[in-house]
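Below is my_file-v5.pdb, holding PDB, C-alpha atoms, pLDDT in the B column.
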MODEL        1
ATOM      1  CA  MET A  24      26.105  24.184  29.174  1.00 63.00           C
ATOM      2  CA  THR A  25      22.561  23.494  27.955  1.00 77.00           C
ATOM      3  CA  HIS A  26      21.417  19.926  27.563  1.00 90.00           C
ATOM      4  CA  ILE A  27      18.833  19.149  24.926  1.00 96.00           C
ATOM      5  CA  ASP A  28      16.243  16.475  25.679  1.00 98.00           C
ATOM      6  CA  VAL A  29      15.850  13.903  22.918  1.00 98.00           C
ATOM      7  CA  LEU A  30      12.560  12.028  22.639  1.00 98.00           C
ATOM      8  CA  ARG A  31      11.073   9.370  20.391  1.00 98.00           C
ATOM      9  CA  VAL A  32       7.508  10.353  19.539  1.00 98.00           C
ATOM     10  CA  PHE A  33       4.779   8.017  18.218  1.00 98.00           C
ATOM     11  CA  CYS A  34       6.573   4.830  19.272  1.00 98.00           C
ATOM     12  CA  GLY A  35       5.098   1.494  18.258  1.00 97.00           C
ATOM     13  CA  PRO A  36       3.298  -0.865  20.665  1.00 95.00           C
ATOM     14  CA  ASP A  37       6.648  -2.492  21.490  1.00 95.00           C
ATOM     15  CA  GLY A  38       8.133   0.876  22.486  1.00 95.00           C
ATOM     16  CA  ARG A  39      10.468   0.957  19.492  1.00 96.00           C
ATOM     17  CA  HIS A  40      10.827   3.388  16.612  1.00 97.00           C
ATOM     18  CA  GLY A  41       9.094   6.769  16.837  1.00 97.00           C
ATOM     19  CA  ASN A  42      10.330  10.048  15.387  1.00 97.00           C
ATOM     20  CA  ARG A  43      13.245  11.718  17.177  1.00 97.00           C
ATOM     21  CA  LEU A  44      12.657  15.176  18.564  1.00 98.00           C
ATOM     22  CA  GLY A  45      14.986  17.648  20.228  1.00 98.00           C
ATOM     23  CA  VAL A  46      13.506  19.870  22.972  1.00 98.00           C
ATOM     24  CA  VAL A  47      15.419  22.912  24.238  1.00 97.00           C
ATOM     25  CA  ARG A  48      13.779  23.682  27.568  1.00 95.00           C
ATOM     26  CA  ASP A  49      15.409  27.112  27.835  1.00 94.00           C
ATOM     27  CA  GLY A  50      14.891  28.652  24.429  1.00 95.00           C
ATOM     28  CA  SER A  51      16.396  31.961  25.588  1.00 94.00           C
ATOM     29  CA  ARG A  52      19.831  30.401  25.202  1.00 94.00           C
ATOM     30  CA  PHE A  53      19.271  30.422  21.431  1.00 96.00           C
ATOM     31  CA  PRO A  54      17.850  33.864  20.612  1.00 94.00           C
ATOM     32  CA  GLY A  55      17.076  34.705  17.015  1.00 95.00           C
ATOM     33  CA  ASP A  56      16.108  32.746  13.944  1.00 97.00           C
ATOM     34  CA  GLU A  57      19.631  32.062  12.711  1.00 97.00           C
ATOM     35  CA  ALA A  58      20.754  30.516  16.005  1.00 97.00           C
ATOM     36  CA  ARG A  59      17.688  28.264  16.103  1.00 97.00           C
ATOM     37  CA  ARG A  60      17.926  27.251  12.474  1.00 97.00           C
ATOM     38  CA  ALA A  61      21.615  26.435  12.913  1.00 97.00           C
ATOM     39  CA  LEU A  62      20.992  24.273  15.977  1.00 96.00           C
ATOM     40  CA  ALA A  63      18.091  22.423  14.308  1.00 97.00           C
ATOM     41  CA  ALA A  64      20.291  21.760  11.277  1.00 96.00           C
ATOM     42  CA  ARG A  65      23.169  20.563  13.457  1.00 95.00           C
ATOM     43  CA  LEU A  66      20.913  18.160  15.370  1.00 95.00           C
ATOM     44  CA  GLY A  67      19.420  16.864  12.118  1.00 95.00           C
ATOM     45  CA  TYR A  68      16.068  15.760  13.539  1.00 96.00           C
ATOM     46  CA  SER A  69      12.963  16.380  11.478  1.00 95.00           C
ATOM     47  CA  GLU A  70      11.987  18.995  14.101  1.00 97.00           C
ATOM     48  CA  THR A  71      13.427  20.705  17.167  1.00 98.00           C
ATOM     49  CA  VAL A  72      11.333  22.588  19.755  1.00 98.00           C
ATOM     50  CA  PHE A  73      12.497  25.693  21.614  1.00 98.00           C
ATOM     51  CA  VAL A  74      10.525  26.390  24.804  1.00 98.00           C
ATOM     52  CA  ASP A  75      10.198  30.157  25.226  1.00 97.00           C
ATOM     53  CA  ASP A  76       7.878  30.184  28.254  1.00 96.00           C
ATOM     54  CA  LEU A  77       7.584  27.027  30.303  1.00 93.00           C
ATOM     55  CA  GLU A  78       4.580  28.126  32.391  1.00 92.00           C
ATOM     56  CA  ARG A  79       2.545  29.191  29.345  1.00 94.00           C
ATOM     57  CA  GLY A  80       3.749  26.315  27.178  1.00 97.00           C
ATOM     58  CA  LEU A  81       5.017  28.762  24.533  1.00 98.00           C
ATOM     59  CA  VAL A  82       7.018  26.848  21.919  1.00 98.00           C
ATOM     60  CA  ASP A  83       8.859  27.601  18.676  1.00 98.00           C
ATOM     61  CA  ILE A  84       9.222  24.719  16.175  1.00 98.00           C
ATOM     62  CA  TRP A  85      12.054  24.397  13.646  1.00 98.00           C
ATOM     63  CA  THR A  86      13.028  21.918  10.945  1.00 96.00           C
ATOM     64  CA  PRO A  87      16.688  21.880   9.832  1.00 95.00           C
ATOM     65  CA  SER A  88      15.780  24.603   7.331  1.00 93.00           C
ATOM     66  CA  LEU A  89      12.697  26.561   8.446  1.00 95.00           C
ATOM     67  CA  ARG A  90      10.235  27.476  11.204  1.00 97.00           C
ATOM     68  CA  LEU A  91       6.851  25.726  11.352  1.00 97.00           C
ATOM     69  CA  PRO A  92       3.786  27.464  12.849  1.00 97.00           C
ATOM     70  CA  PHE A  93       2.517  24.032  13.936  1.00 98.00           C
ATOM     71  CA  ALA A  94       3.704  20.434  13.752  1.00 97.00           C
ATOM     72  CA  GLY A  95       2.262  17.283  15.282  1.00 97.00           C
ATOM     73  CA  HIS A  96       5.107  15.203  16.642  1.00 97.00           C
ATOM     74  CA  PRO A  97       6.873  18.209  18.247  1.00 98.00           C
ATOM     75  CA  CYS A  98       3.669  19.169  20.059  1.00 98.00           C
ATOM     76  CA  VAL A  99       3.006  15.615  21.273  1.00 98.00           C
ATOM     77  CA  GLY A 100       6.601  15.285  22.471  1.00 98.00           C
ATOM     78  CA  ALA A 101       6.713  18.688  24.144  1.00 98.00           C
ATOM     79  CA  ALA A 102       3.351  18.109  25.834  1.00 98.00           C
ATOM     80  CA  TRP A 103       4.640  14.826  27.268  1.00 98.00           C
ATOM     81  CA  LEU A 104       7.946  16.289  28.465  1.00 97.00           C
ATOM     82  CA  LEU A 105       6.593  19.543  29.899  1.00 96.00           C
ATOM     83  CA  ASP A 106       3.360  18.001  31.266  1.00 94.00           C
ATOM     84  CA  VAL A 107       1.263  21.051  30.410  1.00 95.00           C
ATOM     85  CA  PRO A 108      -2.460  21.265  29.544  1.00 96.00           C
ATOM     86  CA  GLU A 109      -1.793  23.323  26.427  1.00 97.00           C
ATOM     87  CA  LEU A 110       0.948  24.554  24.129  1.00 98.00           C
ATOM     88  CA  VAL A 111       1.037  27.959  22.485  1.00 98.00           C
ATOM     89  CA  THR A 112       2.323  27.701  18.925  1.00 98.00           C
ATOM     90  CA  ALA A 113       2.549  30.350  16.213  1.00 97.00           C
ATOM     91  CA  ALA A 114      -0.574  28.812  14.652  1.00 98.00           C
ATOM     92  CA  GLY A 115      -2.696  28.774  17.820  1.00 97.00           C
ATOM     93  CA  VAL A 116      -3.269  27.133  21.192  1.00 98.00           C
ATOM     94  CA  VAL A 117      -2.927  23.340  21.137  1.00 98.00           C
ATOM     95  CA  ALA A 118      -4.784  21.458  23.874  1.00 98.00           C
ATOM     96  CA  ALA A 119      -2.897  18.536  25.410  1.00 98.00           C
ATOM     97  CA  ARG A 120      -3.753  15.641  27.701  1.00 97.00           C
ATOM     98  CA  GLN A 121      -2.292  12.413  29.048  1.00 96.00           C
ATOM     99  CA  ASP A 122      -4.264   9.171  28.833  1.00 95.00           C
ATOM    100  CA  GLY A 123      -2.388   6.176  30.158  1.00 93.00           C
ATOM    101  CA  GLU A 124       0.487   5.394  27.817  1.00 95.00           C
ATOM    102  CA  PHE A 125      -0.686   7.932  25.224  1.00 98.00           C
ATOM    103  CA  THR A 126      -0.177  11.685  24.964  1.00 98.00           C
ATOM    104  CA  TRP A 127      -2.798  13.523  22.929  1.00 98.00           C
ATOM    105  CA  ILE A 128      -2.953  16.936  21.325  1.00 98.00           C
ATOM    106  CA  GLU A 129      -5.928  18.661  19.712  1.00 98.00           C
ATOM    107  CA  ALA A 130      -5.401  21.017  16.770  1.00 98.00           C
ATOM    108  CA  ARG A 131      -7.112  22.455  13.716  1.00 97.00           C
ATOM    109  CA  PRO A 132      -6.396  20.953  10.269  1.00 96.00           C
ATOM    110  CA  GLU A 133      -5.827  24.402   8.765  1.00 96.00           C
ATOM    111  CA  TRP A 134      -2.830  24.868  11.071  1.00 97.00           C
ATOM    112  CA  ALA A 135      -0.966  21.989   9.419  1.00 95.00           C
ATOM    113  CA  PRO A 136       1.572  22.896   6.719  1.00 90.00           C
ATOM    114  CA  PRO A 137       0.551  21.865   3.184  1.00 90.00           C
ATOM    115  CA  ARG A 138       1.107  18.190   2.353  1.00 93.00           C
ATOM    116  CA  THR A 139       0.251  16.151  -0.704  1.00 96.00           C
ATOM    117  CA  LEU A 140      -1.848  13.197   0.525  1.00 98.00           C
ATOM    118  CA  ARG A 141      -1.343  10.482  -2.071  1.00 97.00           C
ATOM    119  CA  GLU A 142      -3.407   7.300  -1.806  1.00 98.00           C
ATOM    120  CA  PHE A 143      -2.100   3.943  -3.058  1.00 98.00           C
ATOM    121  CA  ARG A 144      -3.872   0.665  -3.658  1.00 97.00           C
ATOM    122  CA  ASP A 145      -2.312  -1.397  -0.894  1.00 97.00           C
ATOM    123  CA  PRO A 146       0.351  -1.261   1.861  1.00 98.00           C
ATOM    124  CA  ASP A 147       2.879  -3.228  -0.215  1.00 98.00           C
ATOM    125  CA  GLU A 148       2.828  -0.495  -2.838  1.00 98.00           C
ATOM    126  CA  VAL A 149       3.545   2.088  -0.139  1.00 98.00           C
ATOM    127  CA  ASP A 150       6.387  -0.034   1.240  1.00 98.00           C
ATOM    128  CA  ARG A 151       8.019  -0.313  -2.201  1.00 97.00           C
ATOM    129  CA  LEU A 152       8.049   3.422  -2.908  1.00 97.00           C
ATOM    130  CA  PRO A 153      11.484   4.906  -3.690  1.00 95.00           C
ATOM    131  CA  LEU A 154      12.499   8.266  -2.292  1.00 92.00           C
ATOM    132  CA  PRO A 155      10.924  10.950  -4.503  1.00 90.00           C
ATOM    133  CA  PRO A 156      12.969  13.935  -5.703  1.00 89.00           C
ATOM    134  CA  PRO A 157      12.906  17.079  -3.527  1.00 89.00           C
ATOM    135  CA  GLY A 158      10.285  19.718  -4.116  1.00 91.00           C
ATOM    136  CA  GLU A 159       7.005  18.247  -2.857  1.00 93.00           C
ATOM    137  CA  TRP A 160       5.962  17.143   0.646  1.00 95.00           C
ATOM    138  CA  VAL A 161       4.296  13.749   0.025  1.00 96.00           C
ATOM    139  CA  TYR A 162       2.331  11.647   2.500  1.00 97.00           C
ATOM    140  CA  ALA A 163       1.863   8.253   0.857  1.00 98.00           C
ATOM    141  CA  TRP A 164      -0.848   6.086   2.367  1.00 98.00           C
ATOM    142  CA  ALA A 165      -3.026   3.041   1.785  1.00 98.00           C
ATOM    143  CA  TRP A 166      -5.714   1.203   3.698  1.00 98.00           C
ATOM    144  CA  SER A 167      -4.393  -1.885   5.435  1.00 98.00           C
ATOM    145  CA  GLU A 168      -7.820  -2.612   6.983  1.00 98.00           C
ATOM    146  CA  GLU A 169     -10.373   0.005   5.981  1.00 98.00           C
ATOM    147  CA  ALA A 170     -13.217  -1.268   8.159  1.00 98.00           C
ATOM    148  CA  ALA A 171     -11.031  -0.894  11.243  1.00 98.00           C
ATOM    149  CA  GLY A 172      -9.544   2.448  10.156  1.00 98.00           C
ATOM    150  CA  ARG A 173      -6.034   0.992   9.840  1.00 98.00           C
ATOM    151  CA  VAL A 174      -3.644   2.830   7.526  1.00 98.00           C
ATOM    152  CA  ARG A 175      -0.108   2.217   6.287  1.00 98.00           C
ATOM    153  CA  ALA A 176       1.814   5.420   5.552  1.00 98.00           C
ATOM    154  CA  ARG A 177       5.207   6.878   4.687  1.00 98.00           C
ATOM    155  CA  ALA A 178       6.196  10.550   4.601  1.00 97.00           C
ATOM    156  CA  PHE A 179       8.681  12.322   2.326  1.00 97.00           C
ATOM    157  CA  PRO A 180       9.309  15.992   3.290  1.00 94.00           C
ATOM    158  CA  GLY A 181      11.059  16.859   0.025  1.00 91.00           C
ATOM    159  CA  ARG A 182      12.759  19.927   1.542  1.00 90.00           C
ATOM    160  CA  GLY A 183      16.275  18.958   0.545  1.00 88.00           C
ATOM    161  CA  ASP A 184      17.572  19.567   4.080  1.00 89.00           C
ATOM    162  CA  GLY A 185      18.801  16.048   4.849  1.00 89.00           C
ATOM    163  CA  VAL A 186      15.513  14.616   6.186  1.00 91.00           C
ATOM    164  CA  GLU A 187      14.548  12.362   3.277  1.00 94.00           C
ATOM    165  CA  GLU A 188      11.837  10.361   5.062  1.00 96.00           C
ATOM    166  CA  ASP A 189       9.919  11.392   8.176  1.00 94.00           C
ATOM    167  CA  GLU A 190       9.387   8.468  10.530  1.00 97.00           C
ATOM    168  CA  ALA A 191       6.119   9.728  12.063  1.00 97.00           C
ATOM    169  CA  THR A 192       4.174  12.826  11.024  1.00 96.00           C
ATOM    170  CA  GLY A 193       1.382  14.149  13.214  1.00 97.00           C
ATOM    171  CA  ALA A 194       0.373  17.060  10.967  1.00 96.00           C
ATOM    172  CA  ALA A 195      -0.073  14.813   7.934  1.00 97.00           C
ATOM    173  CA  ALA A 196      -2.059  12.326  10.028  1.00 98.00           C
ATOM    174  CA  LEU A 197      -4.257  15.207  11.162  1.00 97.00           C
ATOM    175  CA  LEU A 198      -4.884  16.268   7.557  1.00 98.00           C
ATOM    176  CA  LEU A 199      -5.685  12.713   6.460  1.00 98.00           C
ATOM    177  CA  THR A 200      -8.121  12.305   9.354  1.00 98.00           C
ATOM    178  CA  ALA A 201      -9.873  15.550   8.450  1.00 97.00           C
ATOM    179  CA  ARG A 202     -10.167  14.459   4.824  1.00 97.00           C
ATOM    180  CA  LEU A 203     -11.539  10.998   5.633  1.00 98.00           C
ATOM    181  CA  GLY A 204     -13.684  12.182   8.553  1.00 98.00           C
ATOM    182  CA  ARG A 205     -12.968   9.201  10.777  1.00 98.00           C
ATOM    183  CA  ALA A 206     -10.634   7.920  13.483  1.00 98.00           C
ATOM    184  CA  LEU A 207      -7.458   6.286  12.223  1.00 98.00           C
ATOM    185  CA  ASN A 208      -4.798   3.903  13.492  1.00 98.00           C
ATOM    186  CA  ILE A 209      -1.716   4.675  11.386  1.00 98.00           C
ATOM    187  CA  SER A 210       1.426   2.599  11.048  1.00 98.00           C
ATOM    188  CA  GLN A 211       4.130   4.824   9.598  1.00 98.00           C
ATOM    189  CA  GLY A 212       7.784   4.441   8.735  1.00 96.00           C
ATOM    190  CA  ARG A 213       9.635   1.483  10.233  1.00 96.00           C
ATOM    191  CA  GLY A 214       7.021   0.778  12.911  1.00 95.00           C
ATOM    192  CA  SER A 215       5.692   3.972  14.484  1.00 98.00           C
ATOM    193  CA  GLN A 216       2.040   4.261  15.511  1.00 98.00           C
ATOM    194  CA  LEU A 217      -0.241   7.312  15.417  1.00 98.00           C
ATOM    195  CA  LEU A 218      -3.856   7.388  16.617  1.00 98.00           C
ATOM    196  CA  THR A 219      -6.291  10.096  15.504  1.00 98.00           C
ATOM    197  CA  ALA A 220      -9.892  11.098  16.145  1.00 98.00           C
ATOM    198  CA  PRO A 221     -11.932  13.913  14.545  1.00 98.00           C
ATOM    199  CA  GLN A 222     -13.857  16.125  16.973  1.00 97.00           C
ATOM    200  CA  ARG A 223     -17.269  17.773  16.609  1.00 96.00           C
ATOM    201  CA  ASP A 224     -15.801  21.280  16.592  1.00 96.00           C
ATOM    202  CA  GLY A 225     -13.656  20.540  13.542  1.00 97.00           C
ATOM    203  CA  THR A 226     -10.442  19.896  15.446  1.00 98.00           C
ATOM    204  CA  VAL A 227      -8.582  16.587  15.339  1.00 98.00           C
ATOM    205  CA  GLU A 228      -6.931  14.720  18.194  1.00 98.00           C
ATOM    206  CA  VAL A 229      -3.591  13.079  17.465  1.00 98.00           C
ATOM    207  CA  GLY A 230      -2.014  10.765  20.019  1.00 98.00           C
ATOM    208  CA  GLY A 231       0.882   8.422  20.535  1.00 98.00           C
ATOM    209  CA  ARG A 232       3.505   7.040  22.863  1.00 98.00           C
ATOM    210  CA  VAL A 233       6.596   9.030  23.818  1.00 98.00           C
ATOM    211  CA  GLU A 234       9.856   7.583  25.087  1.00 98.00           C
ATOM    212  CA  PRO A 235      12.946   9.455  26.337  1.00 97.00           C
ATOM    213  CA  ALA A 236      16.073   8.920  24.241  1.00 96.00           C
ATOM    214  CA  GLY A 237      18.681  10.707  26.368  1.00 96.00           C
ATOM    215  CA  THR A 238      20.190  14.171  26.108  1.00 95.00           C
ATOM    216  CA  VAL A 239      22.705  15.852  23.832  1.00 94.00           C
ATOM    217  CA  ARG A 240      24.803  19.005  24.138  1.00 90.00           C
ATOM    218  CA  PRO A 241      24.512  21.672  21.457  1.00 84.00           C
TER     219      PRO A 241
ENDMDL
END

Would you write out, as structure tokens, the structure that this file holds?
Amino acid sequence: MTHIDVLRVFCGPDGRHGNRLGVVRDGSRFPGDEARRALAARLGYSETVFVDDLERGLVDIWTPSLRLPFAGHPCVGAAWLLDVPELVTAAGVVAARQDGEFTWIEARPEWAPPRTLREFRDPDEVDRLPLPPPGEWVYAWAWSEEAAGRVRARAFPGRGDGVEEDEATGAAALLLTARLGRALNISQGRGSQLLTAPQRDGTVEVGGRVEPAGTVRP
């Protein structure tokens, strides 16, 4: 029986929160799109990663309803768990590195799925937002300390697949960093933390803490 590793990705400084991620180390046990979609839906995490080649770092990323060519928190979590220098996603090769308590990935903004980046006046306004209706993937953000690059954010996938709010969203953080052209320290959801840094070649680094959260059986 396969065991699925469960991680919390982009944990806060106190080690709490983070976005849950399922990682299937032996993706061959779930061949085909329907089997993978069904497992991702049954787990109910915002994303689940299927590892198709451990040595190459070849991964396949699924939400409860669809495949993603690239996603941030699955790549950070998989890079931490597999301890590989790169991951091969459908979008391209994602560089990875460990730096103390942080795991970093480097990816291109154009690999990120479309998100609506919606700026608000202050963090309190972001905190008061109700859940929007399905249909649009919204990343709501506001400066909490602009001079220091500190941002408050919440993410609403809007897919109608049971994930109403995403606790920590690396792809959206990557897009926001590319738009603003500066390093960011993002507090998202209940208390998750994402760090970002734009690179000279147009890529963006996204980093955070990862904590194990046990295993589950499919």

For Gly41 (chain A), which residue out of A:Val233, A:Arg240, A:Phe125, A:Glu133 is the nearest one, using only C-alpha atoms?
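Closest candidate: A:Val233.
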
Record the distance separating CA of Arg232 (chain A) and CA of Arg182 (chain A), expressed in Å with one decimal.
26.6 Å

Just say which residues the PyMOL selection byres ((chain A and resi 37) around 12) picks in this file, as a list in words.
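In the shown coordinates, the PyMOL selection byres ((chain A and resi 37) around 12) covers Phe33, Cys34, Gly35, Pro36, Gly38, Arg39, His40, Gly41, Glu124, Gly214, Ser215, Gln216, Arg232, Val233 and Glu234 of chain A.
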
Record the distance separating CA of Val47 (chain A) and CA of Asp28 (chain A), expressed in Å with one decimal.
6.6 Å

CA of Ala118 (chain A) sits from CA of Val32 (chain A) at a separation of 17.1 Å

As a check of understanding, name the residues that the PyMOL selection byres ((chain A and resi 230) around 6) selects in the supplied structure, as a PDB file with C-alpha atoms, in the coordinates of the input.
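The new file result.pdb reads:
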ATOM      1  CA  THR A 126      -0.177  11.685  24.964  1.00 98.00           C
ATOM      2  CA  TRP A 127      -2.798  13.523  22.929  1.00 98.00           C
ATOM      3  CA  LEU A 218      -3.856   7.388  16.617  1.00 98.00           C
ATOM      4  CA  VAL A 229      -3.591  13.079  17.465  1.00 98.00           C
ATOM      5  CA  GLY A 231       0.882   8.422  20.535  1.00 98.00           C
TER       6      GLY A 231
END

For the file shown, report as a PyMOL selection string the outcome of the PyMOL selection byres ((chain A and resi 152) around 12) at residue level.
chain A and resi 141+143+145-151+153-156+161-164+176-179+188+212

Take the residues just selected and output them with C-alpha atoms as a short mmCIF file (atom, residue, chain, number, x, y, z; two decimals), keeping the file's coordinate frame.
data_model
loop_
_atom_site.label_atom_id
_atom_site.label_comp_id
_atom_site.auth_asym_id
_atom_site.auth_seq_id
_atom_site.Cartn_x
_atom_site.Cartn_y
_atom_site.Cartn_z
CA ARG A 141 -1.34 10.48 -2.07
CA PHE A 143 -2.10 3.94 -3.06
CA ASP A 145 -2.31 -1.40 -0.89
CA PRO A 146 0.35 -1.26 1.86
CA ASP A 147 2.88 -3.23 -0.22
CA GLU A 148 2.83 -0.50 -2.84
CA VAL A 149 3.54 2.09 -0.14
CA ASP A 150 6.39 -0.03 1.24
CA ARG A 151 8.02 -0.31 -2.20
CA PRO A 153 11.48 4.91 -3.69
CA LEU A 154 12.50 8.27 -2.29
CA PRO A 155 10.92 10.95 -4.50
CA PRO A 156 12.97 13.94 -5.70
CA VAL A 161 4.30 13.75 0.02
CA TYR A 162 2.33 11.65 2.50
CA ALA A 163 1.86 8.25 0.86
CA TRP A 164 -0.85 6.09 2.37
CA ALA A 176 1.81 5.42 5.55
CA ARG A 177 5.21 6.88 4.69
CA ALA A 178 6.20 10.55 4.60
CA PHE A 179 8.68 12.32 2.33
CA GLU A 188 11.84 10.36 5.06
CA GLY A 212 7.78 4.44 8.74
#

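Neighbours of Ile209 (chain A) closer than or equal to 6 Å, with all atoms listed in the file counted and sequence neighbours fewer than 4 positions away skipped, come out as A:Arg173, A:Val174, A:Arg175, A:Gln216, A:Leu217.
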
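With all atoms listed in the file as the basis for measurement, A:Val72 is the residue among A:Leu81, A:Ala171, A:Val227, A:Val72 that approaches Pro97 (chain A) most closely.
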
Kindly provide, as a PyMOL selection string, the polymer residues lying within 10 Å of (15.8, 15.5, 6.5), counting all atoms listed in the file and using the coordinates exactly as they appear in the file.
chain A and resi 64+67-70+86-88+179-189

Need the shell around Gly193 (chain A): protein/DNA/RNA residues with any atom at most 7 Å away, counting only C-alpha atoms. Skip same-chain ones fewer than 5 positions apart. Format as a PyMOL selection string?
chain A and resi 94-96+229

List as a list of chain:residue names: which residues have an atom within 10 Å of (-10.2, 5.3, 12.8), counting only C-alpha atoms?
A:Glu169, A:Ala170, A:Ala171, A:Gly172, A:Arg173, A:Val174, A:Thr200, A:Leu203, A:Gly204, A:Arg205, A:Ala206, A:Leu207, A:Asn208, A:Ile209, A:Leu218, A:Thr219, A:Ala220, A:Pro221

Using only C-alpha atoms, please write the residues we just selected to a file, as a tab-separated table (two decimals), keeping the file's coordinate frame.
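What ended up in again.tsv:
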chain	number	residue	atom	x	y	z
A	169	GLU	CA	-10.37	0.00	5.98
A	170	ALA	CA	-13.22	-1.27	8.16
A	171	ALA	CA	-11.03	-0.89	11.24
A	172	GLY	CA	-9.54	2.45	10.16
A	173	ARG	CA	-6.03	0.99	9.84
A	174	VAL	CA	-3.64	2.83	7.53
A	200	THR	CA	-8.12	12.30	9.35
A	203	LEU	CA	-11.54	11.00	5.63
A	204	GLY	CA	-13.68	12.18	8.55
A	205	ARG	CA	-12.97	9.20	10.78
A	206	ALA	CA	-10.63	7.92	13.48
A	207	LEU	CA	-7.46	6.29	12.22
A	208	ASN	CA	-4.80	3.90	13.49
A	209	ILE	CA	-1.72	4.68	11.39
A	218	LEU	CA	-3.86	7.39	16.62
A	219	THR	CA	-6.29	10.10	15.50
A	220	ALA	CA	-9.89	11.10	16.14
A	221	PRO	CA	-11.93	13.91	14.54

Counting only C-alpha atoms, what is within 10 Å of Leu30 (chain A), bar same-chain residues fewer than 4 positions away, as a list in words?
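In the requested form, the answer reads Cys34, Gly41, Asn42, Arg43, Leu44, Gly45, Val46, Pro97, Gly100, Ala101, Trp103, Leu104, Val233, Glu234, Pro235, Ala236, Gly237 and Thr238 of chain A.
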